[in-house]
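Dumped structure.cif below, it's mmCIF, C-alpha atoms and all ligand atoms:
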data_final
#
loop_
_atom_site.group_PDB
_atom_site.id
_atom_site.type_symbol
_atom_site.label_atom_id
_atom_site.label_comp_id
_atom_site.auth_asym_id
_atom_site.auth_seq_id
_atom_site.Cartn_x
_atom_site.Cartn_y
_atom_site.Cartn_z
ATOM 1 C CA MET C 1 -42.000 -94.888 21.099
ATOM 2 C CA ASN C 2 -44.449 -95.397 18.232
ATOM 3 C CA ASP C 3 -46.745 -92.665 16.904
ATOM 4 C CA SER C 4 -49.971 -94.080 18.430
ATOM 5 C CA LEU C 5 -48.403 -94.398 21.898
ATOM 6 C CA GLN C 6 -47.096 -90.797 21.581
ATOM 7 C CA GLU C 7 -50.616 -89.703 20.550
ATOM 8 C CA THR C 8 -52.110 -91.050 23.792
ATOM 9 C CA LEU C 9 -49.683 -89.265 26.142
ATOM 10 C CA GLY C 10 -51.320 -86.613 28.318
ATOM 11 C CA GLY C 11 -49.797 -83.351 29.448
ATOM 12 C CA GLN C 12 -47.459 -82.330 26.627
ATOM 13 C CA ASP C 13 -48.477 -81.713 22.999
ATOM 14 C CA THR C 14 -49.094 -84.951 21.152
ATOM 15 C CA LEU C 15 -47.475 -85.731 17.809
ATOM 16 C CA GLY C 16 -50.882 -85.424 16.162
ATOM 17 C CA GLU C 17 -51.422 -81.925 17.601
ATOM 18 C CA ILE C 18 -47.995 -80.763 16.473
ATOM 19 C CA ARG C 19 -48.587 -82.141 12.968
ATOM 20 C CA ARG C 20 -51.923 -80.349 12.797
ATOM 21 C CA GLU C 21 -50.072 -77.149 13.704
ATOM 22 C CA ILE C 22 -47.545 -77.794 10.907
ATOM 23 C CA ASP C 23 -50.446 -78.400 8.467
ATOM 24 C CA ARG C 24 -52.057 -75.117 9.553
ATOM 25 C CA ILE C 25 -48.801 -73.208 8.961
ATOM 26 C CA ASP C 26 -48.186 -74.924 5.587
ATOM 27 C CA GLU C 27 -51.703 -74.118 4.413
ATOM 28 C CA ALA C 28 -51.347 -70.464 5.496
ATOM 29 C CA MET C 29 -47.971 -70.199 3.710
ATOM 30 C CA HIS C 30 -49.395 -71.750 0.527
ATOM 31 C CA ARG C 31 -52.463 -69.470 0.567
ATOM 32 C CA LEU C 32 -50.211 -66.429 1.142
ATOM 33 C CA LEU C 33 -48.013 -67.417 -1.812
ATOM 34 C CA MET C 34 -51.082 -67.720 -4.049
ATOM 35 C CA GLU C 35 -52.260 -64.319 -2.752
ATOM 36 C CA ARG C 36 -48.788 -62.939 -3.610
ATOM 37 C CA GLY C 37 -49.314 -64.195 -7.186
ATOM 38 C CA ALA C 38 -52.573 -62.248 -7.432
ATOM 39 C CA VAL C 39 -50.811 -59.097 -6.164
ATOM 40 C CA ILE C 40 -48.116 -59.578 -8.848
ATOM 41 C CA ASP C 41 -50.930 -59.676 -11.454
ATOM 42 C CA ARG C 42 -51.933 -56.167 -10.268
ATOM 43 C CA LEU C 43 -48.296 -55.026 -10.248
ATOM 44 C CA VAL C 44 -47.874 -56.128 -13.891
ATOM 45 C CA GLU C 45 -50.644 -53.746 -14.919
ATOM 46 C CA ILE C 46 -48.900 -50.659 -13.504
ATOM 47 C CA LYS C 47 -45.186 -51.547 -13.857
ATOM 48 C CA ARG C 48 -43.567 -50.374 -17.061
ATOM 49 C CA THR C 49 -41.566 -53.533 -17.689
ATOM 50 C CA ALA C 50 -41.715 -53.000 -21.470
ATOM 51 C CA GLU C 51 -39.384 -49.970 -21.196
ATOM 52 C CA THR C 52 -36.351 -52.146 -20.398
ATOM 53 C CA GLY C 53 -37.756 -55.561 -21.320
ATOM 54 C CA SER C 54 -36.896 -56.764 -17.822
ATOM 55 C CA ALA C 55 -38.881 -56.972 -14.574
ATOM 56 C CA PHE C 56 -35.623 -57.343 -12.565
ATOM 57 C CA ARG C 57 -35.385 -54.632 -9.855
ATOM 58 C CA PRO C 58 -32.084 -55.151 -8.005
ATOM 59 C CA LYS C 59 -32.541 -52.227 -5.580
ATOM 60 C CA ARG C 60 -35.927 -53.533 -4.406
ATOM 61 C CA GLU C 61 -34.588 -57.102 -4.139
ATOM 62 C CA ALA C 62 -31.631 -55.952 -1.998
ATOM 63 C CA ASP C 63 -34.030 -54.167 0.407
ATOM 64 C CA MET C 64 -36.208 -57.276 0.660
ATOM 65 C CA MET C 65 -33.312 -59.673 1.258
ATOM 66 C CA ARG C 66 -31.794 -57.361 3.877
ATOM 67 C CA ARG C 67 -35.054 -57.343 5.816
ATOM 68 C CA ILE C 68 -35.250 -61.149 5.683
ATOM 69 C CA ALA C 69 -31.638 -61.469 6.901
ATOM 70 C CA ALA C 70 -32.221 -58.933 9.719
ATOM 71 C CA ARG C 71 -35.457 -60.591 10.903
ATOM 72 C CA HIS C 72 -34.204 -64.159 10.742
ATOM 73 C CA HIS C 73 -33.706 -66.336 13.820
ATOM 74 C CA GLY C 74 -34.390 -69.894 14.918
ATOM 75 C CA ARG C 75 -33.709 -73.374 13.627
ATOM 76 C CA LEU C 76 -34.137 -72.795 9.887
ATOM 77 C CA PRO C 77 -30.752 -71.843 8.329
ATOM 78 C CA VAL C 78 -30.865 -68.257 6.985
ATOM 79 C CA ALA C 79 -29.609 -69.538 3.612
ATOM 80 C CA THR C 80 -32.756 -71.692 3.352
ATOM 81 C CA ALA C 81 -34.983 -68.647 3.944
ATOM 82 C CA GLU C 82 -32.844 -66.730 1.415
ATOM 83 C CA HIS C 83 -33.173 -69.515 -1.178
ATOM 84 C CA LEU C 84 -36.948 -69.755 -0.700
ATOM 85 C CA TRP C 85 -37.375 -66.021 -1.280
ATOM 86 C CA ARG C 86 -34.851 -65.989 -4.115
ATOM 87 C CA THR C 87 -36.944 -68.696 -5.807
ATOM 88 C CA ILE C 88 -40.183 -66.775 -5.166
ATOM 89 C CA ILE C 89 -38.818 -63.427 -6.389
ATOM 90 C CA ALA C 90 -36.990 -64.847 -9.440
ATOM 91 C CA THR C 91 -40.046 -66.863 -10.431
ATOM 92 C CA PHE C 92 -42.302 -63.802 -10.177
ATOM 93 C CA THR C 93 -39.710 -61.813 -12.184
ATOM 94 C CA HIS C 94 -39.893 -64.506 -14.871
ATOM 95 C CA VAL C 95 -43.705 -64.609 -14.739
ATOM 96 C CA GLN C 96 -43.784 -60.858 -15.482
ATOM 97 C CA SER C 97 -41.315 -60.996 -18.360
ATOM 98 C CA PRO C 98 -39.639 -64.284 -19.379
ATOM 99 C CA PHE C 99 -35.830 -64.267 -19.392
ATOM 100 C CA ALA C 100 -32.906 -66.694 -19.389
ATOM 101 C CA LEU C 101 -29.883 -66.676 -17.088
ATOM 102 C CA HIS C 102 -26.581 -67.027 -18.988
ATOM 103 C CA VAL C 103 -24.062 -68.740 -16.717
ATOM 104 C CA GLU C 104 -20.285 -68.788 -17.058
ATOM 105 C CA GLN C 105 -19.339 -72.414 -16.499
ATOM 106 C CA GLY C 106 -15.553 -71.909 -16.512
ATOM 107 C CA SER C 107 -13.428 -74.189 -14.354
ATOM 108 C CA ASP C 108 -16.138 -75.039 -11.813
ATOM 109 C CA ALA C 109 -19.383 -75.551 -13.697
ATOM 110 C CA LEU C 110 -21.024 -77.401 -10.804
ATOM 111 C CA ALA C 111 -20.467 -74.529 -8.339
ATOM 112 C CA MET C 112 -21.822 -72.021 -10.878
ATOM 113 C CA HIS C 113 -24.849 -74.212 -11.589
ATOM 114 C CA ASP C 114 -25.552 -74.469 -7.837
ATOM 115 C CA LEU C 115 -25.215 -70.702 -7.497
ATOM 116 C CA ALA C 116 -27.574 -70.113 -10.428
ATOM 117 C CA ARG C 117 -30.272 -72.482 -9.131
ATOM 118 C CA PHE C 118 -29.932 -71.121 -5.589
ATOM 119 C CA HIS C 119 -30.696 -67.633 -6.914
ATOM 120 C CA VAL C 120 -33.321 -68.241 -9.586
ATOM 121 C CA GLY C 121 -34.903 -71.591 -8.682
ATOM 122 C CA PHE C 122 -35.996 -73.908 -11.502
ATOM 123 C CA ASP C 123 -38.498 -71.861 -13.525
ATOM 124 C CA VAL C 124 -35.840 -69.633 -15.089
ATOM 125 C CA PRO C 125 -34.017 -71.430 -17.941
ATOM 126 C CA LEU C 126 -30.204 -71.505 -17.770
ATOM 127 C CA ALA C 127 -27.785 -71.268 -20.710
ATOM 128 C CA GLY C 128 -24.201 -72.348 -20.059
ATOM 129 C CA HIS C 129 -21.187 -70.567 -21.593
ATOM 130 C CA ALA C 130 -17.503 -71.488 -21.451
ATOM 131 C CA THR C 131 -16.293 -67.942 -20.732
ATOM 132 C CA ALA C 132 -17.456 -64.719 -19.094
ATOM 133 C CA GLY C 133 -16.972 -62.920 -22.445
ATOM 134 C CA ARG C 134 -19.577 -65.166 -24.059
ATOM 135 C CA VAL C 135 -22.001 -64.464 -21.199
ATOM 136 C CA VAL C 136 -21.560 -60.710 -21.760
ATOM 137 C CA ARG C 137 -22.222 -61.117 -25.506
ATOM 138 C CA ALA C 138 -25.316 -63.266 -24.895
ATOM 139 C CA VAL C 139 -26.787 -60.674 -22.494
ATOM 140 C CA ALA C 140 -25.901 -57.844 -24.927
ATOM 141 C CA GLY C 141 -27.772 -59.635 -27.721
ATOM 142 C CA SER C 142 -30.890 -60.287 -25.624
ATOM 143 C CA THR C 143 -33.775 -58.087 -24.504
ATOM 144 C CA GLY C 144 -34.016 -58.864 -20.796
ATOM 145 C CA ASP C 145 -31.697 -61.803 -20.072
ATOM 146 C CA LEU C 146 -29.353 -61.838 -17.077
ATOM 147 C CA GLY C 147 -25.780 -63.105 -16.841
ATOM 148 C CA LEU C 148 -23.838 -64.751 -14.011
ATOM 149 C CA VAL C 149 -20.048 -64.452 -14.138
ATOM 150 C CA ARG C 150 -17.574 -65.674 -11.581
ATOM 151 C CA ILE C 151 -15.327 -63.192 -9.785
ATOM 152 C CA ASP C 152 -11.992 -64.725 -10.686
ATOM 153 C CA ALA C 153 -8.925 -62.763 -9.534
ATOM 154 C CA GLU C 154 -6.920 -63.794 -12.633
ATOM 155 C CA PRO C 155 -9.341 -64.467 -15.515
ATOM 156 C CA ALA C 156 -8.209 -65.365 -19.057
ATOM 157 C CA ALA C 157 -9.517 -62.111 -20.564
ATOM 158 C CA ALA C 158 -10.703 -58.623 -19.536
ATOM 159 C CA TRP C 159 -14.394 -59.374 -20.204
ATOM 160 C CA TRP C 160 -15.459 -56.268 -18.219
ATOM 161 C CA GLU C 161 -14.132 -54.038 -21.014
ATOM 162 C CA ASP C 162 -17.297 -54.934 -22.950
ATOM 163 C CA LEU C 163 -19.563 -53.642 -20.148
ATOM 164 C CA GLY C 164 -20.972 -50.137 -19.717
ATOM 165 C CA GLY C 165 -22.685 -47.548 -21.895
ATOM 166 C CA ALA C 166 -25.847 -48.948 -23.444
ATOM 167 C CA GLY C 167 -24.475 -52.498 -23.065
ATOM 168 C CA PRO C 168 -24.615 -54.900 -20.123
ATOM 169 C CA GLN C 169 -23.641 -53.651 -16.675
ATOM 170 C CA VAL C 170 -22.933 -55.151 -13.261
ATOM 171 C CA MET C 171 -26.203 -55.166 -11.265
ATOM 172 C CA ALA C 172 -25.557 -57.367 -8.217
ATOM 173 C CA ARG C 173 -22.804 -59.109 -6.314
ATOM 174 C CA LEU C 174 -23.135 -62.626 -4.908
ATOM 175 C CA PRO C 175 -23.227 -63.962 -2.306
ATOM 176 C CA PHE C 176 -25.508 -61.210 -1.017
ATOM 177 C CA VAL C 177 -26.268 -62.710 2.411
ATOM 178 C CA ILE C 178 -22.924 -63.576 4.000
ATOM 179 C CA ALA C 179 -23.502 -66.371 6.531
ATOM 180 C CA PRO C 180 -21.311 -69.134 8.000
ATOM 181 C CA SER C 181 -21.453 -72.428 6.032
ATOM 182 C CA HIS C 182 -23.456 -70.792 3.223
ATOM 183 C CA PRO C 183 -24.143 -73.513 0.626
ATOM 184 C CA ALA C 184 -23.871 -71.191 -2.417
ATOM 185 C CA ALA C 185 -20.987 -68.836 -1.613
ATOM 186 C CA THR C 186 -19.158 -68.784 -4.967
ATOM 187 C CA PRO C 187 -18.189 -65.121 -5.583
ATOM 188 C CA ALA C 188 -19.948 -63.848 -8.697
ATOM 189 C CA LEU C 189 -21.531 -60.838 -10.400
ATOM 190 C CA VAL C 190 -24.959 -60.562 -11.995
ATOM 191 C CA ILE C 191 -25.037 -58.569 -15.218
ATOM 192 C CA ALA C 192 -27.965 -57.133 -17.167
ATOM 193 C CA ARG C 193 -28.633 -54.498 -19.784
ATOM 194 C CA PRO C 194 -29.389 -51.040 -18.289
ATOM 195 C CA LEU C 195 -32.474 -50.993 -16.038
ATOM 196 C CA GLY C 196 -33.054 -47.251 -15.695
ATOM 197 C CA ASP C 197 -33.249 -46.186 -12.054
ATOM 198 C CA ALA C 198 -33.836 -49.765 -10.819
ATOM 199 C CA GLY C 199 -30.081 -50.371 -10.513
ATOM 200 C CA VAL C 200 -28.086 -49.869 -7.318
ATOM 201 C CA SER C 201 -24.981 -47.738 -6.943
ATOM 202 C CA GLU C 202 -24.048 -48.161 -3.254
ATOM 203 C CA ILE C 203 -20.879 -49.764 -4.584
ATOM 204 C CA SER C 204 -19.889 -48.585 -8.051
ATOM 205 C CA VAL C 205 -17.947 -50.798 -10.452
ATOM 206 C CA TRP C 206 -15.292 -49.569 -12.871
ATOM 207 C CA SER C 207 -13.015 -50.749 -15.652
ATOM 208 C CA VAL C 208 -9.542 -49.277 -15.120
ATOM 209 C CA ALA C 209 -6.645 -49.638 -17.578
ATOM 210 C CA ASP C 210 -3.060 -48.527 -16.893
ATOM 211 C CA ASP C 211 0.546 -49.454 -17.646
ATOM 212 C CA GLY C 212 1.055 -51.155 -14.288
ATOM 213 C CA ASP C 213 1.993 -48.389 -11.851
ATOM 214 C CA LEU C 214 -1.357 -46.705 -11.116
ATOM 215 C CA ALA C 215 -2.182 -46.910 -7.391
ATOM 216 C CA LEU C 216 -5.883 -47.097 -6.486
ATOM 217 C CA PRO C 217 -7.515 -45.469 -3.419
ATOM 218 C CA ASP C 218 -7.527 -47.563 -0.206
ATOM 219 C CA ASP C 219 -11.293 -48.117 -0.363
ATOM 220 C CA ALA C 220 -11.119 -49.577 -3.894
ATOM 221 C CA GLU C 221 -11.356 -53.372 -4.259
ATOM 222 C CA THR C 222 -9.823 -55.044 -7.298
ATOM 223 C CA LEU C 223 -12.222 -57.839 -8.290
ATOM 224 C CA ALA C 224 -10.202 -59.065 -11.276
ATOM 225 C CA SER C 225 -7.056 -58.130 -13.164
ATOM 226 C CA VAL C 226 -5.431 -59.053 -16.488
ATOM 227 C CA THR C 227 -2.058 -57.823 -17.792
ATOM 228 C CA ARG C 228 -1.165 -58.149 -21.517
ATOM 229 C CA ASN C 229 1.763 -56.462 -23.299
ATOM 230 C CA ALA C 230 2.432 -54.165 -20.301
ATOM 231 C CA ARG C 231 -1.197 -52.985 -20.273
ATOM 232 C CA ARG C 232 -3.070 -53.864 -17.080
ATOM 233 C CA SER C 233 -6.858 -53.939 -17.051
ATOM 234 C CA ARG C 234 -8.704 -54.137 -13.733
ATOM 235 C CA LEU C 235 -12.308 -54.538 -12.636
ATOM 236 C CA VAL C 236 -12.592 -52.311 -9.576
ATOM 237 C CA ALA C 237 -15.380 -51.821 -7.000
ATOM 238 C CA ARG C 238 -15.579 -48.757 -4.774
ATOM 239 C CA PRO C 239 -18.194 -47.491 -2.258
ATOM 240 C CA GLY C 240 -20.061 -44.427 -3.560
ATOM 241 C CA ALA C 241 -19.993 -42.851 -7.007
ATOM 242 C CA GLU C 242 -16.457 -41.407 -7.063
ATOM 243 C CA PRO C 243 -14.262 -43.014 -9.774
ATOM 244 C CA PRO C 244 -11.168 -44.820 -8.446
ATOM 245 C CA ALA C 245 -8.968 -43.296 -11.221
ATOM 246 C CA PRO C 246 -9.350 -40.407 -13.712
ATOM 247 C CA ASN C 247 -9.695 -42.732 -16.723
ATOM 248 C CA ALA C 248 -12.024 -45.236 -14.998
ATOM 249 C CA VAL C 249 -15.001 -46.330 -17.113
ATOM 250 C CA PRO C 250 -18.295 -46.925 -15.207
ATOM 251 C CA VAL C 251 -19.557 -50.484 -15.707
ATOM 252 C CA GLY C 252 -22.324 -50.793 -13.107
ATOM 253 C CA GLY C 253 -22.968 -50.987 -9.395
ATOM 254 C CA TYR C 254 -24.373 -53.221 -6.698
ATOM 255 C CA ALA C 255 -25.905 -53.252 -3.211
ATOM 256 C CA ALA C 256 -23.394 -53.938 -0.447
ATOM 257 C CA PRO C 257 -23.694 -57.584 0.667
ATOM 258 C CA THR C 258 -25.169 -58.036 4.138
ATOM 259 C CA ALA C 259 -23.540 -60.208 6.824
ATOM 260 C CA ILE C 260 -25.461 -61.950 9.593
HETATM 261 O O1 LIG C 301 -41.349 -55.026 -6.939
HETATM 262 C C1 LIG C 301 -41.328 -55.297 -8.143
HETATM 263 O O2 LIG C 301 -41.071 -54.440 -9.018
HETATM 264 C C2 LIG C 301 -41.601 -56.666 -8.598
HETATM 265 O O3 LIG C 301 -41.568 -56.931 -9.781
HETATM 266 C C3 LIG C 301 -41.870 -57.746 -7.596
HETATM 267 C C4 LIG C 301 -40.659 -58.597 -7.300
HETATM 268 C C5 LIG C 301 -41.150 -59.627 -6.225
HETATM 269 O O4 LIG C 301 -41.519 -60.738 -6.603
HETATM 270 O O5 LIG C 301 -41.178 -59.240 -5.050
HETATM 271 C C6 LIG C 301 -40.167 -59.312 -8.513
HETATM 272 C C7 LIG C 301 -39.128 -58.821 -9.282
HETATM 273 C C8 LIG C 301 -38.295 -57.686 -8.879
HETATM 274 O O6 LIG C 301 -36.941 -57.881 -9.143
HETATM 275 C C9 LIG C 301 -38.531 -57.278 -7.481
HETATM 276 C C10 LIG C 301 -39.554 -57.752 -6.727
#
What does this structure look like when you write it as structure tokens?
Amino acid sequence: MNDSLQETLGGQDTLGEIRREIDRIDEAMHRLLMERGAVIDRLVEIKRTAETGSAFRPKREADMMRRIAARHHGRLPVATAEHLWRTIIATFTHVQSPFALHVEQGSDALAMHDLARFHVGFDVPLAGHATAGRVVRAVAGSTGDLGLVRIDAEPAAAWWEDLGGAGPQVMARLPFVIAPSHPAATPALVIARPLGDAGVSEISVWSVADDGDLALPDDAETLASVTRNARRSRLVARPGAEPPAPNAVPVGGYAAPTAI
């Protein structure tokens, strides 16, 4: 059936009516996004971004993404809604205070590039690095840049030993919205220099070194592990603030991913 024949049908909505409805929704969405930009202009005036050099607020972002995931239903895949808001939020973060995202390319550069663009859209510049260690150094040497490193169970080096203190820390874990057939599900961590009280510590992250026989509590998750000359170094995540071992060094925290 061609469009003009469909247009003349009585009873049900015509194609023209439905398209006018889509145009109305698109216009409202566009106007709301522009209105959001004006609100961000007001936020810039009162937010003390200069203190850390970064407008990134992981705790706030986790709350927002959880509400989107909880509210979501219907034909649009939740990952599409997530990507749209990730692009909006990352772009407005960049508008407030420009930053680059340093991405570990490693053995699957395409997957990491997809993950990066899914989370920050196309306004945030990316810088590729061969190893996680180089990402950590690039973030350490920047004012407000972020880093994206893959969670690799057996990495080449214990890059997490350079995190913590006044240096870069783990700030988020990806994927955050766990959904079937998610198009950007590569496991990764976001790192940034300290953000004051804007960080999240629902799950705390630790660097733990031992000689190979230290057992961790049942609720601890080993994200990565490297053993060299009988010294084992692990990157460990654990709910709450309690260290998983007496000598554990705090290296950040993240909001618990949400499943739908
Ligand atoms: O709420 C803030 O502090 C903002 O800067 C706004 C905003 C957003 O666009 O919603 C942007 C960056 C932050 O990471 C969190 C949220």
Matched chain/residue IDs from the PyMOL selection byres (((chain C and resi 236-251) around 10) and not hetatm), as a PyMOL selection string: chain C and resi 160-165+167-171+191+201-210+214-225+233-235+252-256
Spatial neighbours of Ser97 in chain C, max dist 10 Å, only C-alpha atoms, sep filter under 2 positions, as a list in words: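 So, after excluding close chain neighbours, the residues are Val44, Thr49, Ala50, Gly53, Ser54, Ala55, Phe56, Thr91, Phe92, Thr93, His94, Val95, Phe99, Gly144 and Asp145 of chain C.
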Report the centre and edge lengths, in Å to one decimal, of an axis-aligned box enclosing every atom of ligand LIG 301 (chain C) listed in the file, padded by 6 Å on each side, as lines of an AutoDock Vina configuration file.
center_x = -39.4
center_y = -57.6
center_z = -7.4
size_x = 16.9
size_y = 18.3
size_z = 16.7
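With all atoms listed in the file as the atoms that count, the residue of C:Ala184, C:Ile25, C:Ala127, C:Leu146 with the shortest distance to ligand LIG 301 (chain C) is C:Leu146.
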Within 12 Å of ligand LIG 301 (chain C), counting all atoms listed in the file, which protein or nucleic acid residues do you find, written as a PyMOL selection string? chain C and resi 33+35-49+54-65+84-99+119-120+146+171-172+195+197-199
Record the distance separating CA of Arg66 in chain C and CA of Val190 in chain C, expressed in Å with one decimal.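 That distance, rounded to one decimal, is 17.6 Å.
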For the provided coordinates, the residues matched by the PyMOL selection byres (((chain C and resi 104-118) around 8) and not hetatm) should be stated as a PyMOL selection string. chain C and resi 83+86-87+101-103+119-122+126+128-132+134-135+147-150+184-186
Return as a list of chain:residue names the set of residues that the PyMOL selection byres (((chain C and resi 179) around 9) and not hetatm) yields on the displayed structure. C:Val78, C:Ala79, C:Val177, C:Ile178, C:Pro180, C:Ser181, C:His182, C:Ala185, C:Thr258, C:Ala259, C:Ile260
